[in-house]
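J.: Before I ask anything, let me first share the structure, which is written out below as structure tokens.
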Amino acid sequence: MTSGAVRGVGRVDGFWGAVGHTPLIRLARASAATGCEILGKAEFMNPGGSVKDRAALGILKDAMARGLLTPGKPGTVVEGTAGNTGIGLALAANAMGWRSTIVMPETQSREKIDFLRMIGADLRLVPAKPFSDPGNYVHVSRRIAEEEGGVWANQFDNLANARAHEETTGPEIWEETGGKIDAFTCACGTGGTLAGIARALKARNPKIRTVLADPAGSALYNWISSGEVKASPGSSITEGIGQAARVPGNLEGAPIDEAIRIEDPAALEQVFGLLIEEGLSVGGSAGINVAAAIEVARRLGPGHTIVTILCDGGSRYQSKLFNPDFLRERNLPLPRWLA
């Protein structure tokens with residue numbers, strides 16, 4: 001099976017064939033505000049609803065190549081996730097006749113929890129604990145894989161994650177822009193998206209600027225800026241991005257030029273504006289990405305082209321991003337139509 005047939009041209013082979021070749025959307029508000037072309041890769045249009053479908057396929061294809069999983073034969077995929085990678089893995093596993101065991105912090109959105117159960121994943125919710133704690137969801141997933149005989153996806157340190165983006169997402173962006181791209185920016189959870197795309201783009205033009213967007217409370221901004229893995233002040237309501245105490249294996253050695261810190265109010269401004277003014281429903285990480293793209297555009301000046309990732313859709317965070325009570329409790333801005 002192959003990934004990434006162009007939508008609207010011919011047919012694709014199931015879930016696996018439908019991942020990739022998402023549209024590159026011109027973001028009118030951001031472009032008008034900066035005098036640049038700001039483009040968002042619509043990864044929410046993947047069949048599992050997020051950019052993590054690509055990582056899921058890359059990891060599972062690698063497991064197949066190593067003889068750990070065989071289509072049509074019993075097998076179980078185990079992963080610790082904030083939700084989207086788990087969804088991609090579960091759906092991709094379903095299509096191959098495998099089972100999935102997904103470990104997730106209980107603090108993640110109700111929508112992702114419900115969706116994982118709906119699609120047949122064996123969902124194990126655990127208390128949210130730091131990576132240094134043995135009860136952290138990543139460590140719990142590794143132990144389950146060892147004890148119950150599953151294949152541990154290990155998205156944070158499994159380099160098949162970044163490789164999937166280097167082989168698909170990056171080349172797609174290059175082709176869709178006709179090579180006319182000055183900068184690329186996105187946030188990092190595992191680091192696979194930024195690392196893979198950065199390598200692909202810089203291999204084609206080393207002058208393309210690659211920028212990490214980081215939420216409050218994460219250490220990746222300081223790591224890029226000073227080499228110190230030290231968490232920044234504050235916290236963020238975004239899910240699946242930022243690292244408080246470590247640098248994932250996928251991000252090590254990635255060709256990243258700089259980092260930008262984005263606070264939640266700036267991200268929410270983009271989430272709400274994209275929805276009500278452009279008809280694009282995106283989640284908090286996409287809001288951070290667009291805010292960072294605007295900042296990069298302002299630093300570069302008018303006339304440049306900046307690409308970012310629209311990671312997933314806003315419906316996965318309705319109980320948080322679009323919940324007035326939730327936002328008020330945290331002194332965050334509300335969408336005006338819900339205020």
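Ordered as shown in the structure tokens, chains take letters A, B, and onward, while each chain numbers its residues from 1 and ligands are numbered from 1 in the order shown.
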Which residues, written as a list in words, have at least one atom at most 7 Å from segment 71-77 of chain A, with only C-alpha atoms counted and residues fewer than 5 positions away on the same chain left out?
T.: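 Here the answer would be Met96, Gly97, Trp98, Arg99, Ser100, Thr101, Gly150, Val151, Trp152 and Ala153 of chain A.
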J.: Contacts of Val282 of chain A at 7 Å or less, counting only C-alpha atoms, minus same-chain residues fewer than 2 places along, as a VMD selection string?
T.: chain A and resid 271 280 284 286 310 312 to 314
J.: Store the residues picked out above in a file with N, CA, C and O atoms, as a PDB file, in the first residue's frame.
T.:
ATOM      1  N   VAL A 271      -7.016  31.057  16.260  1.00  0.00           N
ATOM      2  CA  VAL A 271      -8.030  29.999  16.192  1.00  0.00           C
ATOM      3  C   VAL A 271      -9.405  30.598  15.924  1.00  0.00           C
ATOM      4  O   VAL A 271     -10.142  30.155  15.026  1.00  0.00           O
ATOM      5  N   LEU A 280     -12.203  28.254   8.653  1.00  0.00           N
ATOM      6  CA  LEU A 280     -11.260  27.168   8.923  1.00  0.00           C
ATOM      7  C   LEU A 280     -11.284  26.842  10.408  1.00  0.00           C
ATOM      8  O   LEU A 280     -10.929  27.675  11.243  1.00  0.00           O
ATOM      9  N   GLY A 284      -5.691  24.291  18.916  1.00  0.00           N
ATOM     10  CA  GLY A 284      -4.785  25.240  19.529  1.00  0.00           C
ATOM     11  C   GLY A 284      -3.375  25.222  18.979  1.00  0.00           C
ATOM     12  O   GLY A 284      -2.718  26.268  18.878  1.00  0.00           O
ATOM     13  N   ALA A 286      -2.490  24.587  15.929  1.00  0.00           N
ATOM     14  CA  ALA A 286      -2.514  25.328  14.672  1.00  0.00           C
ATOM     15  C   ALA A 286      -2.549  26.827  14.944  1.00  0.00           C
ATOM     16  O   ALA A 286      -1.953  27.619  14.208  1.00  0.00           O
ATOM     17  N   LEU A 310      -1.482  23.309   9.767  1.00  0.00           N
ATOM     18  CA  LEU A 310      -2.792  23.329  10.427  1.00  0.00           C
ATOM     19  C   LEU A 310      -3.034  21.899  10.910  1.00  0.00           C
ATOM     20  O   LEU A 310      -3.519  21.049  10.166  1.00  0.00           O
ATOM     21  N   ASP A 312      -4.769  20.019  13.284  1.00  0.00           N
ATOM     22  CA  ASP A 312      -6.014  19.279  13.431  1.00  0.00           C
ATOM     23  C   ASP A 312      -7.173  20.256  13.535  1.00  0.00           C
ATOM     24  O   ASP A 312      -6.986  21.467  13.470  1.00  0.00           O
ATOM     25  N   GLY A 313      -8.388  19.716  13.667  1.00  0.00           N
ATOM     26  CA  GLY A 313      -9.579  20.549  13.668  1.00  0.00           C
ATOM     27  C   GLY A 313     -10.015  20.976  15.052  1.00  0.00           C
ATOM     28  O   GLY A 313      -9.723  20.329  16.059  1.00  0.00           O
ATOM     29  N   GLY A 314     -10.754  22.071  15.109  1.00  0.00           N
ATOM     30  CA  GLY A 314     -11.197  22.615  16.384  1.00  0.00           C
ATOM     31  C   GLY A 314     -12.208  21.760  17.117  1.00  0.00           C
ATOM     32  O   GLY A 314     -12.346  21.871  18.340  1.00  0.00           O
TER      33      GLY A 314
END
J.: Measure the distance from atom CA of Ala297 of chain A to atom CA of Gly35 of chain A in Å and round it to one decimal.
T.: 8.1 Å
J.: My list of candidates is A:Asp122, A:Gly80, A:Ile306, A:Asn46. Which is closest to Trp174 of chain A when distances are computed with only C-alpha atoms?
T.: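 Counting only C-alpha atoms, the residue closest to Trp174 of chain A is A:Ile306.
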J.: One number please: atom CA of Arg298 of chain A to atom CA of Val211 of chain A, in Å, one decimal.
T.: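 Answer for the atom CA of Arg298 of chain A to atom CA of Val211 of chain A separation: 13.5 Å.
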J.: Contacts between segment 186-209 of chain A and segment 116-156 of chain A, please, where a residue of segment 116-156 of chain A counts if it comes within 12 Å (with only C-alpha atoms); show its shortest atom pair and distance in Å to one decimal, rows by chain and ascending number, as JSON lines.
T.:
{"residue": "A:Val138", "atom": "CA", "partner": "A:Thr190", "partner_atom": "CA", "distance": 11.6}
{"residue": "A:Asn154", "atom": "CA", "partner": "A:Thr190", "partner_atom": "CA", "distance": 9.6}
{"residue": "A:Gln155", "atom": "CA", "partner": "A:Thr190", "partner_atom": "CA", "distance": 6.6}
{"residue": "A:Phe156", "atom": "CA", "partner": "A:Thr190", "partner_atom": "CA", "distance": 4.5}
J.: Those selected residues, please, written with all heavy atoms and delivered as a PDB file, in the first residue's frame.
T.:
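Heads up, here's the output in result_23.pdb:
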ATOM      1  N   VAL A 138       4.058   7.963  28.681  1.00  0.00           N
ATOM      2  CA  VAL A 138       5.013   7.346  27.758  1.00  0.00           C
ATOM      3  C   VAL A 138       5.618   6.096  28.390  1.00  0.00           C
ATOM      4  O   VAL A 138       5.702   5.033  27.756  1.00  0.00           O
ATOM      5  CB  VAL A 138       6.116   8.346  27.366  1.00  0.00           C
ATOM      6  CG1 VAL A 138       7.186   7.652  26.520  1.00  0.00           C
ATOM      7  CG2 VAL A 138       5.518   9.532  26.617  1.00  0.00           C
ATOM      8  N   ASN A 154       6.454   4.309  20.162  1.00  0.00           N
ATOM      9  CA  ASN A 154       7.528   5.180  20.632  1.00  0.00           C
ATOM     10  C   ASN A 154       7.711   6.395  19.728  1.00  0.00           C
ATOM     11  O   ASN A 154       8.809   6.690  19.254  1.00  0.00           O
ATOM     12  CB  ASN A 154       8.843   4.386  20.725  1.00  0.00           C
ATOM     13  CG  ASN A 154       9.952   5.167  21.393  1.00  0.00           C
ATOM     14  OD1 ASN A 154       9.709   6.133  22.112  1.00  0.00           O
ATOM     15  ND2 ASN A 154      11.191   4.759  21.160  1.00  0.00           N
ATOM     16  N   GLN A 155       6.638   7.136  19.503  1.00  0.00           N
ATOM     17  CA  GLN A 155       6.650   8.238  18.539  1.00  0.00           C
ATOM     18  C   GLN A 155       7.675   9.325  18.851  1.00  0.00           C
ATOM     19  O   GLN A 155       8.171   9.998  17.938  1.00  0.00           O
ATOM     20  CB  GLN A 155       5.266   8.869  18.471  1.00  0.00           C
ATOM     21  CG  GLN A 155       4.786   9.455  19.804  1.00  0.00           C
ATOM     22  CD  GLN A 155       3.500  10.237  19.678  1.00  0.00           C
ATOM     23  OE1 GLN A 155       3.294  10.956  18.707  1.00  0.00           O
ATOM     24  NE2 GLN A 155       2.621  10.096  20.662  1.00  0.00           N
ATOM     25  N   PHE A 156       8.034   9.511  20.111  1.00  0.00           N
ATOM     26  CA  PHE A 156       8.956  10.587  20.463  1.00  0.00           C
ATOM     27  C   PHE A 156      10.389  10.306  20.014  1.00  0.00           C
ATOM     28  O   PHE A 156      11.095  11.215  19.600  1.00  0.00           O
ATOM     29  CB  PHE A 156       8.925  10.829  21.976  1.00  0.00           C
ATOM     30  CG  PHE A 156       7.625  11.406  22.455  1.00  0.00           C
ATOM     31  CD1 PHE A 156       6.581  10.585  22.860  1.00  0.00           C
ATOM     32  CD2 PHE A 156       7.425  12.780  22.487  1.00  0.00           C
ATOM     33  CE1 PHE A 156       5.374  11.116  23.297  1.00  0.00           C
ATOM     34  CE2 PHE A 156       6.227  13.326  22.912  1.00  0.00           C
ATOM     35  CZ  PHE A 156       5.190  12.487  23.312  1.00  0.00           C
TER      36      PHE A 156
END
J.: Assign secondary structure with DSSP using the backbone only, and return the residues of segment 120-322 of chain A in alpha helix (DSSP H) as number ranges by chain.
T.: A: 137-148, 160-164, 170-176, 192-204, 220-226, 264-278, 284-300
J.: Where does DSSP see strand (DSSP E) in segment 286-323 of chain A, if you list the residues as a ChimeraX atom specification?
T.: /A:305-310
J.: Let me see the file: selected residues, C-alpha atoms, as a short mmCIF file (atom, residue, chain, number, x, y, z; two decimals), in the first residue's frame.
T.:
data_model
loop_
_atom_site.label_atom_id
_atom_site.label_comp_id
_atom_site.auth_asym_id
_atom_site.auth_seq_id
_atom_site.Cartn_x
_atom_site.Cartn_y
_atom_site.Cartn_z
CA THR A 305 6.33 33.18 1.70
CA ILE A 306 5.94 31.38 5.02
CA VAL A 307 4.39 27.92 5.41
CA THR A 308 3.04 26.34 8.58
CA ILE A 309 0.94 23.36 9.65
CA LEU A 310 -2.79 23.33 10.43
#
J.: Mind giving me the straight-line distance from atom CA of Arg11 of chain A to atom CA of Leu89 of chain A in Å, one decimal?
T.: 22.2 Å
J.: Which residues, written as a ChimeraX atom specification, have at least one atom at most 12 Å from Pro302 of chain A, with only C-alpha atoms counted and residues fewer than 3 positions away on the same chain left out?
T.: /A:30-38,182,294-299,305-306
J.: Let's have the selection written as a compact mmCIF listing (two decimals), in the first residue's frame, with N, CA, C and O atoms.
T.:
# COMPACT_ATOMS: atom_id res chain seq x y z
N ALA A 30 -3.82 36.45 7.87
CA ALA A 30 -2.40 36.53 8.20
C ALA A 30 -1.60 37.14 7.06
O ALA A 30 -0.67 37.94 7.29
N SER A 31 -1.96 36.81 5.83
CA SER A 31 -1.25 37.37 4.68
C SER A 31 -1.47 38.86 4.57
O SER A 31 -0.53 39.64 4.34
N ALA A 32 -2.72 39.29 4.76
CA ALA A 32 -3.03 40.72 4.67
C ALA A 32 -2.34 41.52 5.78
O ALA A 32 -1.90 42.66 5.57
N ALA A 33 -2.23 40.93 6.96
CA ALA A 33 -1.64 41.63 8.10
C ALA A 33 -0.14 41.82 7.96
O ALA A 33 0.44 42.70 8.61
N THR A 34 0.50 41.02 7.12
CA THR A 34 1.96 41.03 7.05
C THR A 34 2.53 41.43 5.69
O THR A 34 3.72 41.73 5.59
N GLY A 35 1.69 41.42 4.66
CA GLY A 35 2.21 41.67 3.32
C GLY A 35 2.98 40.50 2.75
O GLY A 35 3.68 40.62 1.74
N CYS A 36 2.86 39.35 3.41
CA CYS A 36 3.50 38.13 2.95
C CYS A 36 2.45 37.12 2.51
O CYS A 36 1.25 37.32 2.72
N GLU A 37 2.90 36.05 1.88
CA GLU A 37 2.03 34.93 1.61
C GLU A 37 2.21 33.93 2.75
O GLU A 37 3.29 33.34 2.91
N ILE A 38 1.18 33.77 3.56
CA ILE A 38 1.23 32.81 4.65
C ILE A 38 0.30 31.66 4.31
O ILE A 38 -0.90 31.86 4.07
N ASP A 182 10.22 30.90 1.78
CA ASP A 182 11.30 31.54 2.52
C ASP A 182 11.46 31.02 3.93
O ASP A 182 12.56 31.08 4.50
N ILE A 294 3.04 34.47 11.48
CA ILE A 294 2.87 35.92 11.39
C ILE A 294 4.10 36.64 11.95
O ILE A 294 4.59 37.61 11.36
N GLU A 295 4.61 36.16 13.08
CA GLU A 295 5.80 36.78 13.67
C GLU A 295 7.02 36.63 12.74
O GLU A 295 7.79 37.58 12.57
N VAL A 296 7.18 35.45 12.16
CA VAL A 296 8.29 35.24 11.22
C VAL A 296 8.14 36.18 10.03
O VAL A 296 9.12 36.78 9.56
N ALA A 297 6.91 36.31 9.52
CA ALA A 297 6.67 37.19 8.38
C ALA A 297 7.03 38.63 8.71
O ALA A 297 7.63 39.34 7.89
N ARG A 298 6.68 39.07 9.90
CA ARG A 298 7.00 40.45 10.29
C ARG A 298 8.51 40.66 10.41
O ARG A 298 9.03 41.74 10.09
N ARG A 299 9.21 39.64 10.86
CA ARG A 299 10.67 39.76 10.97
C ARG A 299 11.33 39.78 9.60
O ARG A 299 12.31 40.49 9.39
N THR A 305 7.29 34.28 1.59
CA THR A 305 6.33 33.18 1.70
C THR A 305 6.69 32.32 2.90
O THR A 305 7.82 31.82 2.99
N ILE A 306 5.73 32.17 3.80
CA ILE A 306 5.94 31.38 5.02
C ILE A 306 4.88 30.29 5.06
O ILE A 306 3.69 30.56 4.84
J.: If you count only C-alpha atoms, which residues fall within 7 Å of Ile25 of chain A, apart from same-chain ones fewer than 5 positions away, as a ChimeraX atom specification?
T.: /A:39-42
J.: Return the single residue from A:Arg246, A:Lys61, A:Arg330, A:Arg110 that is closest to Leu125 of chain A, with distances computed using only C-alpha atoms.
T.: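 Selected residue with least distance to Leu125 of chain A: A:Arg110.
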